[in-house]
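Source file: data-v8.cif. Holds: mmCIF, C-alpha atoms and all ligand atoms.
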data_upload
#
loop_
_atom_site.label_atom_id
_atom_site.label_comp_id
_atom_site.auth_asym_id
_atom_site.auth_seq_id
_atom_site.Cartn_x
_atom_site.Cartn_y
_atom_site.Cartn_z
CA MET A 204 8.35 11.91 54.41
CA GLY A 205 11.05 10.97 56.84
CA ILE A 206 12.72 7.61 57.17
CA LEU A 207 10.93 7.02 60.45
CA ARG A 208 7.15 6.95 60.35
CA PHE A 209 4.20 5.95 62.51
CA LEU A 210 0.49 5.43 62.08
CA THR A 211 -2.18 4.71 64.66
CA SER A 212 -5.71 3.35 64.60
CA GLY A 213 -8.45 3.01 67.19
CA GLU A 214 -11.28 4.83 68.92
CA SER A 215 -11.48 6.19 72.44
CA HIS A 216 -14.12 3.62 73.47
CA GLY A 217 -13.36 0.95 70.89
CA ARG A 218 -11.48 -2.27 71.52
CA GLY A 219 -8.18 -0.41 71.79
CA LEU A 220 -5.41 1.45 69.99
CA ILE A 221 -2.85 0.24 67.46
CA THR A 222 0.56 1.84 66.86
CA VAL A 223 2.85 0.84 64.00
CA VAL A 224 6.34 2.35 63.92
CA GLU A 225 8.57 1.76 60.93
CA GLY A 226 12.20 2.73 60.41
CA LEU A 227 13.83 2.04 63.77
CA PRO A 228 17.27 0.45 63.44
CA ALA A 229 17.76 -3.16 64.55
CA GLY A 230 19.33 -3.76 67.97
CA LEU A 231 17.59 -1.07 70.03
CA SER A 232 16.65 -2.32 73.51
CA VAL A 233 12.94 -1.90 74.22
CA PRO A 234 12.06 -2.70 77.83
CA ILE A 235 8.25 -2.91 77.89
CA GLU A 236 8.34 -1.49 81.44
CA ARG A 237 9.65 1.80 80.01
CA LEU A 238 6.73 2.06 77.58
CA GLU A 239 4.34 1.24 80.44
CA LYS A 240 5.99 3.86 82.64
CA GLU A 241 5.48 6.61 80.05
CA LEU A 242 1.83 5.56 79.62
CA GLU A 243 1.44 5.72 83.38
CA ARG A 244 2.98 9.22 83.51
CA ARG A 245 0.52 10.32 80.80
CA ARG A 246 -2.46 9.00 82.80
CA ARG A 247 -1.50 10.90 85.94
CA GLY A 248 -2.10 14.50 86.98
CA TYR A 249 -4.64 16.26 89.16
CA GLY A 250 -7.67 17.32 87.13
CA ARG A 251 -7.94 14.18 85.03
CA GLY A 252 -11.44 12.62 84.95
CA ALA A 253 -12.82 9.25 86.07
CA ARG A 254 -11.57 7.49 82.91
CA MET A 255 -7.96 7.72 83.99
CA LYS A 256 -8.74 5.95 87.29
CA ILE A 257 -10.28 3.05 85.38
CA GLU A 258 -7.87 2.91 82.42
CA LYS A 259 -5.01 0.39 82.67
CA ASP A 260 -3.42 0.98 79.21
CA HIS A 261 -2.68 -2.74 78.87
CA LEU A 262 0.13 -2.92 76.29
CA THR A 263 0.97 -5.84 73.96
CA ILE A 264 3.85 -6.07 71.48
CA TRP A 265 2.84 -7.83 68.25
CA GLY A 266 5.91 -7.49 66.05
CA GLY A 267 9.26 -5.90 65.29
CA ILE A 268 10.71 -6.58 68.75
CA TRP A 269 12.39 -9.90 69.55
CA ASN A 270 13.94 -10.86 72.84
CA GLY A 271 13.77 -7.26 74.04
CA LYS A 272 15.35 -5.66 70.95
CA THR A 273 14.12 -4.20 67.67
CA THR A 274 14.69 -6.42 64.63
CA GLY A 275 14.41 -3.75 61.90
CA ALA A 276 10.86 -4.83 61.04
CA PRO A 277 7.89 -2.50 61.77
CA CYS A 278 7.08 -2.43 65.48
CA GLY A 279 3.40 -3.13 66.11
CA LEU A 280 1.90 -2.51 69.54
CA THR A 281 -1.62 -2.40 70.92
CA ILE A 282 -3.17 -0.79 73.98
CA GLU A 283 -6.46 -2.33 75.13
CA ASN A 284 -9.20 0.02 76.28
CA SER A 285 -10.12 -1.22 79.77
CA GLU A 286 -13.84 -0.47 79.36
CA TRP A 287 -14.32 -2.23 76.00
CA GLU A 288 -16.86 -4.75 77.29
CA GLU A 289 -19.06 -1.94 78.67
CA TRP A 290 -18.91 -0.05 75.36
CA ARG A 291 -19.07 -3.04 73.03
CA SER A 292 -22.83 -2.91 72.38
CA SER A 293 -22.58 0.70 71.14
CA MET A 294 -19.10 0.52 69.55
CA ASP A 295 -18.87 -2.92 67.92
CA PRO A 296 -17.24 -2.60 64.47
CA GLN A 297 -19.73 -5.02 62.86
CA SER A 298 -23.03 -4.98 64.68
CA CYS A 299 -24.20 -2.63 67.43
CA ASP A 300 -27.34 -2.74 69.54
CA PRO A 301 -29.53 0.16 68.24
CA LYS A 302 -30.71 0.94 71.79
CA ALA A 303 -27.11 1.24 73.02
CA VAL A 304 -26.15 3.40 70.01
CA LYS A 305 -29.06 5.74 70.80
CA GLU A 306 -28.04 6.00 74.45
CA LYS A 307 -24.50 7.02 73.47
CA SER A 308 -25.50 9.38 70.67
CA VAL A 309 -24.15 12.96 70.59
CA TYR A 310 -26.33 15.54 68.84
CA CYS A 311 -25.20 18.77 70.56
CA PRO A 312 -21.64 19.74 69.49
CA ARG A 313 -19.24 21.02 72.18
CA PRO A 314 -17.69 24.38 71.29
CA GLY A 315 -13.92 23.92 71.14
CA HIS A 316 -14.01 20.21 70.27
CA ALA A 317 -13.98 18.56 66.82
CA ASP A 318 -17.71 17.67 67.03
CA LEU A 319 -19.29 20.31 64.76
CA PRO A 320 -16.73 20.63 61.94
CA GLY A 321 -16.10 16.86 62.05
CA GLY A 322 -19.82 16.03 61.95
CA LEU A 323 -20.40 18.35 58.99
CA LYS A 324 -17.28 17.13 57.18
CA TYR A 325 -17.96 13.38 57.46
CA GLY A 326 -21.77 13.61 57.43
CA HIS A 327 -22.41 12.38 61.00
CA GLU A 328 -25.52 13.96 62.51
CA ASN A 329 -24.82 11.78 65.54
CA MET A 330 -21.27 12.94 66.21
CA ARG A 331 -20.19 9.89 68.26
CA PRO A 332 -17.75 8.65 65.54
CA VAL A 333 -16.13 12.10 65.40
CA LEU A 334 -15.39 12.43 69.10
CA GLU A 335 -14.26 8.80 69.28
CA ARG A 336 -11.33 9.52 66.96
CA ALA A 337 -10.77 13.22 67.73
CA SER A 338 -10.39 12.31 71.42
CA ALA A 339 -6.96 12.71 72.97
CA ARG A 340 -7.18 8.99 73.76
CA ALA A 341 -5.10 8.63 70.57
CA THR A 342 -2.22 10.36 72.36
CA ALA A 343 -1.65 7.12 74.31
CA ALA A 344 -0.72 5.51 70.96
CA TRP A 345 1.45 8.53 70.08
CA THR A 346 3.21 8.15 73.44
CA VAL A 347 4.13 4.57 72.52
CA ALA A 348 5.63 5.70 69.18
CA GLY A 349 7.39 8.66 70.81
CA THR A 350 8.83 6.50 73.58
CA LEU A 351 10.36 4.12 71.03
CA ALA A 352 11.94 7.18 69.39
CA ARG A 353 13.08 8.38 72.80
CA LEU A 354 14.83 5.08 73.50
CA LEU A 355 16.74 5.59 70.24
CA ILE A 356 17.86 9.15 71.04
CA GLU A 357 18.66 8.24 74.65
CA SER A 358 21.06 5.61 73.28
CA LEU A 359 22.90 8.60 71.71
CA GLY A 360 23.09 10.49 75.02
CA ILE A 361 20.13 12.82 74.32
CA GLU A 362 17.72 13.58 77.17
CA VAL A 363 14.14 14.90 77.05
CA ARG A 364 12.26 16.36 80.01
CA SER A 365 9.41 18.75 80.76
CA ALA A 366 7.77 20.92 83.39
CA VAL A 367 4.41 22.66 83.72
CA THR A 368 4.70 26.46 83.75
CA SER A 369 1.09 27.52 84.32
CA VAL A 370 -2.47 26.28 84.80
CA GLY A 371 -5.50 28.55 84.42
CA GLY A 372 -3.40 31.71 84.78
CA VAL A 373 -1.50 30.52 87.89
CA THR A 374 2.20 30.49 86.98
CA VAL A 375 4.85 28.28 88.54
CA LYS A 376 8.64 28.41 88.67
CA VAL A 377 10.50 26.90 85.72
CA PRO A 378 13.34 24.54 86.74
CA SER A 379 16.85 25.92 86.44
CA GLU A 380 19.02 23.29 88.16
CA GLU A 381 19.43 19.65 87.07
CA GLU A 382 17.87 18.42 90.31
CA GLU A 383 14.85 20.69 89.82
CA TRP A 384 14.22 19.24 86.37
CA HIS A 385 14.36 15.78 87.88
CA VAL A 386 11.73 16.67 90.48
CA ALA A 387 9.44 18.30 87.88
CA SER A 388 9.75 15.30 85.56
CA ASN A 389 8.60 12.93 88.28
CA SER A 390 5.90 15.10 89.83
CA PRO A 391 2.33 14.27 88.74
CA LEU A 392 1.65 17.97 88.13
CA GLY A 393 5.04 18.70 86.61
CA CYS A 394 6.14 21.21 89.28
CA VAL A 395 9.42 21.52 91.16
CA PHE A 396 7.93 22.72 94.45
CA GLN A 397 5.17 21.17 96.55
CA THR A 398 3.77 24.66 97.28
CA ASP A 399 3.36 25.28 93.53
CA GLU A 400 1.60 21.92 93.18
CA GLU A 401 -0.83 22.92 95.91
CA ARG A 402 -1.54 26.25 94.16
CA LEU A 403 -2.30 24.45 90.91
CA LYS A 404 -4.48 21.88 92.64
CA GLU A 405 -6.41 24.69 94.31
CA ARG A 406 -6.98 26.40 90.93
CA ILE A 407 -8.17 23.11 89.39
CA ARG A 408 -10.50 22.40 92.36
CA GLU A 409 -11.97 25.88 91.93
CA ALA A 410 -12.67 25.30 88.22
CA MET A 411 -14.14 21.87 89.02
CA SER A 412 -16.55 23.29 91.58
CA GLU A 413 -17.68 25.91 89.04
CA GLY A 414 -18.32 23.27 86.34
CA ASP A 415 -15.54 24.89 84.30
CA SER A 416 -12.27 23.68 82.73
CA LEU A 417 -8.68 24.95 82.41
CA GLY A 418 -5.73 25.12 80.07
CA GLY A 419 -2.16 26.14 80.75
CA ALA A 420 1.39 25.93 79.51
CA PHE A 421 4.50 23.77 79.80
CA VAL A 422 8.10 23.69 78.66
CA VAL A 423 9.90 20.73 77.09
CA SER A 424 13.69 20.52 76.96
CA VAL A 425 16.13 18.42 74.94
CA LYS A 426 19.75 18.20 76.08
CA GLY A 427 22.73 16.55 74.44
CA LEU A 428 22.17 17.54 70.81
CA PRO A 429 25.18 18.63 68.76
CA PRO A 430 24.89 21.72 66.50
CA GLY A 431 23.51 21.13 63.02
CA VAL A 432 20.61 18.71 63.55
CA GLY A 433 17.87 19.79 61.11
CA SER A 434 18.59 22.05 58.14
CA TYR A 435 17.92 25.45 56.57
CA VAL A 436 18.07 24.18 52.96
CA GLU A 437 14.32 23.57 52.44
CA TRP A 438 11.24 24.77 54.34
CA ASP A 439 10.19 21.31 55.44
CA ARG A 440 13.60 20.40 56.82
CA ARG A 441 13.70 23.27 59.32
CA LEU A 442 13.69 21.69 62.77
CA ASP A 443 11.72 24.46 64.50
CA GLY A 444 8.96 24.13 61.88
CA ARG A 445 8.80 20.39 62.41
CA ILE A 446 8.73 20.78 66.18
CA ALA A 447 5.91 23.32 65.97
CA GLN A 448 3.87 20.95 63.79
CA ALA A 449 4.30 18.06 66.22
CA MET A 450 3.39 20.22 69.24
CA MET A 451 0.39 21.84 67.55
CA ALA A 452 -0.91 18.39 66.61
CA ILE A 453 -1.47 17.58 70.30
CA PRO A 454 -5.21 18.13 70.92
CA GLY A 455 -5.81 21.46 72.61
CA ILE A 456 -2.37 23.00 71.93
CA LYS A 457 -2.87 26.49 70.46
CA GLY A 458 0.59 28.00 70.54
CA VAL A 459 4.22 26.93 70.42
CA GLU A 460 7.36 28.95 71.12
CA VAL A 461 11.03 28.10 70.75
CA GLY A 462 13.27 29.75 73.35
CA GLU A 463 11.98 33.15 74.41
CA GLY A 464 9.56 33.01 71.45
CA GLY A 465 7.03 35.84 71.14
CA ARG A 466 8.72 37.92 73.86
CA LEU A 467 11.65 38.53 71.49
CA ALA A 468 9.43 40.51 69.12
CA ASP A 469 9.39 43.50 71.49
CA LEU A 470 13.14 43.74 72.10
CA PRO A 471 16.02 45.16 70.04
CA GLY A 472 18.48 42.68 68.49
CA SER A 473 21.18 43.64 70.97
CA GLN A 474 19.03 42.22 73.78
CA VAL A 475 17.89 39.14 71.89
CA HIS A 476 20.66 37.32 70.08
CA ASP A 477 22.95 35.04 72.04
CA GLY A 478 26.52 36.39 71.90
CA ILE A 479 29.20 33.99 70.60
CA PHE A 480 32.57 33.82 72.35
CA MET A 481 35.50 31.49 72.96
CA ASP A 482 36.37 30.15 76.38
CA GLU A 483 39.93 29.86 77.70
CA LYS A 484 40.34 26.49 75.93
CA GLY A 485 39.28 27.98 72.58
CA ARG A 486 35.84 26.30 72.60
CA ILE A 487 32.83 28.05 71.06
CA LYS A 488 30.36 29.21 73.72
CA ARG A 489 27.12 31.22 73.91
CA GLU A 490 26.46 33.82 76.59
CA THR A 491 22.73 33.11 76.80
CA ASN A 492 20.16 30.78 75.23
CA ARG A 493 17.25 33.04 74.27
CA ALA A 494 17.06 31.25 70.91
CA GLY A 495 16.15 28.03 72.72
CA GLY A 496 18.86 25.99 71.03
CA ILE A 497 17.70 26.51 67.43
CA GLU A 498 19.02 28.96 64.81
CA GLY A 499 18.39 28.75 61.07
CA GLY A 500 16.24 25.62 61.38
CA MET A 501 19.09 23.71 63.07
CA THR A 502 20.17 22.95 66.58
CA ASN A 503 23.02 25.22 67.66
CA GLY A 504 24.36 22.94 70.41
CA GLU A 505 22.52 24.64 73.27
CA GLU A 506 19.62 23.09 75.17
CA VAL A 507 16.49 22.99 72.96
CA LEU A 508 13.64 24.69 74.84
CA VAL A 509 10.08 24.52 73.54
CA ARG A 510 7.01 26.02 75.20
CA ALA A 511 3.45 25.01 74.39
CA PHE A 512 0.15 26.60 75.35
CA MET A 513 -3.03 24.55 75.81
CA LYS A 514 -6.59 25.85 75.65
CA PRO A 515 -9.11 24.81 78.33
CA ILE A 516 -10.83 21.41 77.95
CA PRO A 517 -13.96 21.84 75.75
CA THR A 518 -16.30 19.51 77.72
CA LEU A 519 -17.80 21.52 80.58
CA THR A 520 -20.10 20.18 83.28
CA ARG A 521 -21.85 23.57 83.06
CA PRO A 522 -22.17 23.41 79.27
CA LEU A 523 -21.99 26.28 76.78
CA PRO A 524 -24.79 27.13 74.33
CA SER A 525 -25.01 24.87 71.30
CA ILE A 526 -27.64 23.48 68.93
CA ARG A 527 -29.23 20.05 68.45
CA LEU A 528 -28.02 19.10 65.00
CA ASP A 529 -30.81 16.56 64.31
CA LEU A 530 -33.64 18.95 65.29
CA MET A 531 -31.85 22.21 64.42
CA GLU A 532 -32.97 23.85 67.64
CA ALA A 533 -31.15 25.75 70.40
CA SER A 534 -29.70 23.60 73.15
CA PHE A 535 -26.64 23.15 75.36
CA ALA A 536 -23.43 21.32 74.50
CA HIS A 537 -23.15 17.58 75.06
CA ARG A 538 -21.90 16.66 78.54
CA GLU A 539 -19.98 13.55 79.37
CA ARG A 540 -17.30 12.31 81.69
CA SER A 541 -14.29 14.54 81.13
CA ASP A 542 -10.99 15.89 82.37
CA VAL A 543 -11.07 19.37 83.92
CA CYS A 544 -7.40 20.06 83.12
CA ALA A 545 -4.99 17.89 81.09
CA VAL A 546 -1.91 20.13 80.98
CA PRO A 547 0.26 17.74 83.07
CA ALA A 548 -0.74 14.88 80.74
CA ALA A 549 -0.20 16.93 77.57
CA ARG A 550 3.41 17.65 78.57
CA ILE A 551 4.13 13.88 78.62
CA VAL A 552 2.65 13.58 75.12
CA ALA A 553 4.84 16.56 74.15
CA GLU A 554 7.97 14.80 75.48
CA ALA A 555 7.08 11.83 73.26
CA MET A 556 6.32 13.95 70.19
CA LEU A 557 9.45 16.05 70.57
CA SER A 558 11.49 12.84 70.90
CA TRP A 559 9.83 11.66 67.69
CA VAL A 560 10.80 14.77 65.71
CA ILE A 561 14.39 14.68 67.00
CA ALA A 562 14.67 10.96 66.18
CA GLU A 563 13.29 11.59 62.68
CA ALA A 564 15.87 14.32 62.02
CA ILE A 565 18.67 12.15 63.42
CA MET A 566 17.69 9.12 61.33
CA GLU A 567 17.60 11.30 58.20
CA GLN A 568 21.08 12.61 58.96
CA PHE A 569 22.83 9.59 60.48
CA GLY A 570 20.43 6.74 59.65
CA GLY A 571 21.38 3.11 59.33
CA ASP A 572 19.80 -0.32 59.60
CA ILE A 573 21.67 -1.28 62.76
CA LEU A 574 21.77 0.78 65.96
CA GLU A 575 25.57 0.56 66.16
CA GLU A 576 25.87 2.10 62.67
CA VAL A 577 23.68 5.03 63.73
CA GLN A 578 25.70 5.42 66.93
CA GLU A 579 29.00 5.34 65.03
CA ARG A 580 27.87 7.95 62.47
CA PHE A 581 26.45 10.15 65.19
CA SER A 582 29.56 9.99 67.37
CA SER A 583 31.87 10.61 64.42
CA TYR A 584 29.81 13.74 63.63
CA VAL A 585 29.91 14.79 67.30
CA SER A 586 33.70 14.41 67.34
CA ARG A 587 33.85 16.84 64.38
CA VAL A 588 31.39 19.52 65.56
CA GLY A 589 31.48 18.97 69.34
CA ARG A 590 28.71 18.69 71.84
CA ARG A 591 28.27 20.94 74.82
CA ASP A 592 27.74 18.06 77.27
CA ASP A 593 30.84 16.19 76.11
CA GLU A 594 32.92 19.34 76.54
CA LYS A 595 31.76 19.66 80.12
CA ALA A 596 32.85 16.12 80.97
C1 LIG A 601 -4.14 14.36 77.38
C2 LIG A 601 -5.36 15.12 76.94
C3 LIG A 601 -6.59 14.85 77.55
C4 LIG A 601 -7.73 15.54 77.14
N1 LIG A 601 -8.92 15.27 77.78
C5 LIG A 601 -10.05 15.87 77.36
C6 LIG A 601 -11.32 15.58 77.96
O1 LIG A 601 -11.40 14.77 78.90
N2 LIG A 601 -12.40 16.20 77.48
C7 LIG A 601 -12.35 17.09 76.45
O2 LIG A 601 -13.36 17.63 76.05
N3 LIG A 601 -11.16 17.41 75.88
C8 LIG A 601 -10.02 16.80 76.29
N4 LIG A 601 -8.82 17.13 75.71
C9 LIG A 601 -8.77 18.20 74.73
C10 LIG A 601 -9.43 17.87 73.44
O3 LIG A 601 -8.99 16.63 72.95
C11 LIG A 601 -9.15 19.01 72.46
O4 LIG A 601 -9.51 20.22 73.03
C12 LIG A 601 -9.91 18.81 71.18
O5 LIG A 601 -9.36 17.70 70.49
C13 LIG A 601 -9.87 20.01 70.26
O6 LIG A 601 -8.59 20.55 70.24
P1 LIG A 601 -7.98 21.27 68.97
O7 LIG A 601 -8.93 22.36 68.57
O8 LIG A 601 -6.66 21.77 69.41
O9 LIG A 601 -7.88 20.18 67.95
C14 LIG A 601 -7.66 16.48 76.11
C15 LIG A 601 -6.42 16.74 75.48
C16 LIG A 601 -5.27 16.08 75.90
C17 LIG A 601 -3.96 16.36 75.24
C1 LIG A 602 -9.11 8.67 77.23
C2 LIG A 602 -8.24 9.64 77.40
O1 LIG A 602 -8.54 10.96 77.43
C3 LIG A 602 -9.83 11.33 77.06
C4 LIG A 602 -9.68 12.50 76.13
C5 LIG A 602 -10.98 13.08 75.83
C6 LIG A 602 -11.04 14.03 74.71
O2 LIG A 602 -12.17 14.45 74.37
O3 LIG A 602 -10.01 14.40 74.14
C7 LIG A 602 -12.10 12.77 76.59
C8 LIG A 602 -12.07 11.86 77.76
O4 LIG A 602 -12.52 10.58 77.39
P1 LIG A 602 -13.66 9.82 78.21
O5 LIG A 602 -14.93 10.42 77.74
O6 LIG A 602 -13.57 8.37 77.86
O7 LIG A 602 -13.39 10.06 79.67
C9 LIG A 602 -10.67 11.68 78.27
O8 LIG A 602 -10.62 10.68 79.25
C10 LIG A 602 -6.82 9.41 77.56
O9 LIG A 602 -6.09 10.40 77.71
O10 LIG A 602 -6.39 8.22 77.54
#

Would you write out, as structure tokens, the structure that this file holds?
Amino acid sequence: MGILRFLTSGESHGRGLITVVEGLPAGLSVPIERLEKELERRRRGYGRGARMKIEKDHLTIWGGIWNGKTTGAPCGLTIENSEWEEWRSSMDPQSCDPKAVKEKSVYCPRPGHADLPGGLKYGHENMRPVLERASARATAAWTVAGTLARLLIESLGIEVRSAVTSVGGVTVKVPSEEEEWHVASNSPLGCVFQTDEERLKERIREAMSEGDSLGGAFVVSVKGLPPGVGSYVEWDRRLDGRIAQAMMAIPGIKGVEVGEGGRLADLPGSQVHDGIFMDEKGRIKRETNRAGGIEGGMTNGEEVLVRAFMKPIPTLTRPLPSIRLDLMEASFAHRERSDVCAVPAARIVAEAMLSWVIAEAIMEQFGGDILEEVQERFSSYVSRVGRRDDEKA
């Protein structure tokens, strides 16, 4: 268990979501507009369903932040679900209307979602309570926690960004220049070029018209980390392992790679490992960054590059075969309002989760109760081991 921790509560169509973050140092500026901006980025993206047009993600801070800064106490925040009044009769925590519960019941599990294993595990023949909590709605609460972590690491000069690399088999160019990353970060689909956006939109429209759904892939980058964040000394302190866990936790993510990842398996070592040399000023440099900024469970000072692969959305408007659990007879999977593709949204959740893991590792290594203490310890470490970005300045 790290020094930083967060828990969330809430259902997709309940009153709302709760996030509690504990372990942030006192004195960190938390502009609520920044949290709202990240929630807005997560809502966007072509292929999202009707819910995201209705949802406002109304955010309230309940504790731990005073006059725009953290106090050291746990930060408690809520996000109201905009449609609560419409769902109240079937989702009230104390007393629901039986007719409304029946109308919203789910008896035919969707292949690919949590419905069937969750229903069997918790004994829900009507799987409504399973999908309410298994829903990626919870990732709005994760985004709040991850954005608080991001504010902390940004105060240390660390930047996180992401870009979509494919949707439904259509691949797009990965940013190489600073300016390209900027464009991708601000684009609703996560692409650098408008033409690529149009190609992705076309692919999503095609899937939509066929009653189908799509997955895809994205890359997340972290810049500004010195070498040696994370550790090789125990299995659970290895940074790549912790990153993979956080990425895989995002609903629908089925694979994670660091750097060139799986492609390295087919090449000889001479074409894989990033040569070490000294520049004219005697500074340690790497020729390439195939390792994606991590060696031996630690950052190596290069840009951290993580790729994640998302399976297609399980709810299809042309549903797959399933069974009716209450009658035990053949049927088709439950259909309800759904996204067709959520890859551009998932990459924003991934930015937040990657920020979380980096902040956790940093707090373990340089932690303190006051932001200035953390900053001092971090910068004294950076002055010992160096940081690529500082060397460039
Ligand atoms: C941002 C986001 C939005 C999603 N929207 C939907 C959706 O509208 N409908 C759906 O069936 N699945 C949606 N999913 C995917 C499911 O939540 C996911 O496939 C399911 O939880 C099972 O995934 P797992 O097997 O990886 O746990 C979404 C995922 C993310 C990250
Ligand atoms: C609510 C969000 O995503 C939801 C994730 C989701 C799922 O099954 O994972 C199903 C859909 O929920 P609904 O049935 O209410 O439209 C998505 O909209 C969100 O991202 O905020």

Near ligand LIG 602 (chain A), 6 Å: chain A residue rows, closest pairs, all atoms listed in the file, as a tab-separated table:
residue	atom	partner	partner_atom	distance
A:Ser215	CA	A:LIG602	C1	5.9
A:Arg254	CA	A:LIG602	O7	4.5
A:Ser338	CA	A:LIG602	O3	3.5
A:Ala339	CA	A:LIG602	O3	3.7
A:Arg340	CA	A:LIG602	C10	3.8
A:Ala343	CA	A:LIG602	O10	5.8
A:Arg540	CA	A:LIG602	O7	4.9
A:Ser541	CA	A:LIG602	O7	4.8
A:Asp542	CA	A:LIG602	C9	5.9

Mind checking which residues fall within 8 Å of segment 399-408 of chain A, counting all atoms listed in the file, ignoring those fewer than 2 positions away in the same chain, and posting them as a VMD selection string?
-> chain A and resid 249 to 250 370 to 371 373 375 to 376 392 394 to 397 410 to 412 416 to 417 543 to 544

So that I have them on file, write out the residues from the current selection with C-alpha atoms, as a CSV table (one decimal), in the frame of the given file.
chain,number,residue,atom,x,y,z
A,249,TYR,CA,-4.6,16.3,89.2
A,250,GLY,CA,-7.7,17.3,87.1
A,370,VAL,CA,-2.5,26.3,84.8
A,371,GLY,CA,-5.5,28.6,84.4
A,373,VAL,CA,-1.5,30.5,87.9
A,375,VAL,CA,4.8,28.3,88.5
A,376,LYS,CA,8.6,28.4,88.7
A,392,LEU,CA,1.6,18.0,88.1
A,394,CYS,CA,6.1,21.2,89.3
A,395,VAL,CA,9.4,21.5,91.2
A,396,PHE,CA,7.9,22.7,94.4
A,397,GLN,CA,5.2,21.2,96.6
A,410,ALA,CA,-12.7,25.3,88.2
A,411,MET,CA,-14.1,21.9,89.0
A,412,SER,CA,-16.6,23.3,91.6
A,416,SER,CA,-12.3,23.7,82.7
A,417,LEU,CA,-8.7,25.0,82.4
A,543,VAL,CA,-11.1,19.4,83.9
A,544,CYS,CA,-7.4,20.1,83.1

Tell me which protein, DNA and RNA residues are within 12 Å of Trp265 of chain A, counting all atoms listed in the file, leaving out same-chain ones fewer than 3 positions away, and put them as number ranges by chain.
-> A: 221-224, 262, 268-269, 273, 276-282

With C-alpha atoms retained, write the just-selected residues as a short mmCIF file (atom, residue, chain, number, x, y, z; two decimals), in the frame of the given file.
data_model
loop_
_atom_site.label_atom_id
_atom_site.label_comp_id
_atom_site.auth_asym_id
_atom_site.auth_seq_id
_atom_site.Cartn_x
_atom_site.Cartn_y
_atom_site.Cartn_z
CA ILE A 221 -2.85 0.24 67.46
CA THR A 222 0.56 1.84 66.86
CA VAL A 223 2.85 0.84 64.00
CA VAL A 224 6.34 2.35 63.92
CA LEU A 262 0.13 -2.92 76.29
CA ILE A 268 10.71 -6.58 68.75
CA TRP A 269 12.39 -9.90 69.55
CA THR A 273 14.12 -4.20 67.67
CA ALA A 276 10.86 -4.83 61.04
CA PRO A 277 7.89 -2.50 61.77
CA CYS A 278 7.08 -2.43 65.48
CA GLY A 279 3.40 -3.13 66.11
CA LEU A 280 1.90 -2.51 69.54
CA THR A 281 -1.62 -2.40 70.92
CA ILE A 282 -3.17 -0.79 73.98
#

Adding 6 Å on each side of the box along x, y and z that holds all listed atoms of segment 509-524 of chain A, could you give its centre and edge lengths in Å to one decimal, as AutoDock Vina command-line options?
--center_x -7.4 --center_y 23.3 --center_z 78.4 --size_x 46.9 --size_y 19.6 --size_z 21.7

Atom CA of Asp295 of chain A to atom CA of Lys307 of chain A, straight-line distance in Å = 12.7 Å

List every residue of chain A that has an atom at most 10 Å from any atom of ligand LIG 601 (chain A), giving for each one its closest atom pair and the distance in Å to one decimal, counting all atoms listed in the file, sorted by chain and then by ascending residue number, as a tab-separated table.
residue	atom	partner	partner_atom	distance
A:Arg245	CA	A:LIG601	C1	7.1
A:Arg246	CA	A:LIG601	C1	7.8
A:Arg247	CA	A:LIG601	C1	9.6
A:Gly248	CA	A:LIG601	C1	9.8
A:Gly250	CA	A:LIG601	O1	9.4
A:Arg251	CA	A:LIG601	O1	7.1
A:Gly252	CA	A:LIG601	O1	6.4
A:Ala253	CA	A:LIG601	O1	9.2
A:Arg254	CA	A:LIG601	O1	8.3
A:Met255	CA	A:LIG601	O1	9.4
A:Arg313	CA	A:LIG601	O2	7.8
A:Pro314	CA	A:LIG601	C13	9.0
A:Gly315	CA	A:LIG601	C13	5.7
A:His316	CA	A:LIG601	C13	4.1
A:Ala317	CA	A:LIG601	C13	5.6
A:Asp318	CA	A:LIG601	C13	8.8
A:Leu334	CA	A:LIG601	O5	8.1
A:Arg336	CA	A:LIG601	O5	9.1
A:Ala337	CA	A:LIG601	O5	5.4
A:Ser338	CA	A:LIG601	O3	4.8
A:Ala339	CA	A:LIG601	O3	4.4
A:Arg340	CA	A:LIG601	C3	7.0
A:Ala341	CA	A:LIG601	C1	9.0
A:Thr342	CA	A:LIG601	C1	6.7
A:Ala343	CA	A:LIG601	C1	8.2
A:Ser416	CA	A:LIG601	O2	9.1
A:Gly418	CA	A:LIG601	C9	9.3
A:Met451	CA	A:LIG601	O8	7.3
A:Ala452	CA	A:LIG601	O8	7.2
A:Ile453	CA	A:LIG601	C17	5.7
A:Pro454	CA	A:LIG601	O5	4.2
A:Gly455	CA	A:LIG601	O8	3.3
A:Ile456	CA	A:LIG601	O8	5.1
A:Lys457	CA	A:LIG601	O8	6.1
A:Gly458	CA	A:LIG601	O8	9.6
A:Met513	CA	A:LIG601	O8	7.9
A:Lys514	CA	A:LIG601	O4	6.9
A:Pro515	CA	A:LIG601	O4	7.0
A:Ile516	CA	A:LIG601	N3	4.5
A:Pro517	CA	A:LIG601	O2	4.3
A:Thr518	CA	A:LIG601	O2	3.9
A:Leu519	CA	A:LIG601	O2	7.4
A:His537	CA	A:LIG601	O2	9.8
A:Arg538	CA	A:LIG601	O2	8.9
A:Glu539	CA	A:LIG601	N2	8.2
A:Arg540	CA	A:LIG601	O1	7.0
A:Ser541	CA	A:LIG601	O1	3.7
A:Asp542	CA	A:LIG601	O1	3.7
A:Val543	CA	A:LIG601	O1	6.8
A:Cys544	CA	A:LIG601	N1	7.3
A:Ala545	CA	A:LIG601	C3	4.9
A:Val546	CA	A:LIG601	C1	7.2
A:Pro547	CA	A:LIG601	C1	7.9
A:Ala548	CA	A:LIG601	C1	4.8
A:Ala549	CA	A:LIG601	C17	4.5
A:Arg550	CA	A:LIG601	C17	8.2
A:Ile551	CA	A:LIG601	C1	8.4
A:Val552	CA	A:LIG601	C17	7.2
A:Ala553	CA	A:LIG601	C17	8.9
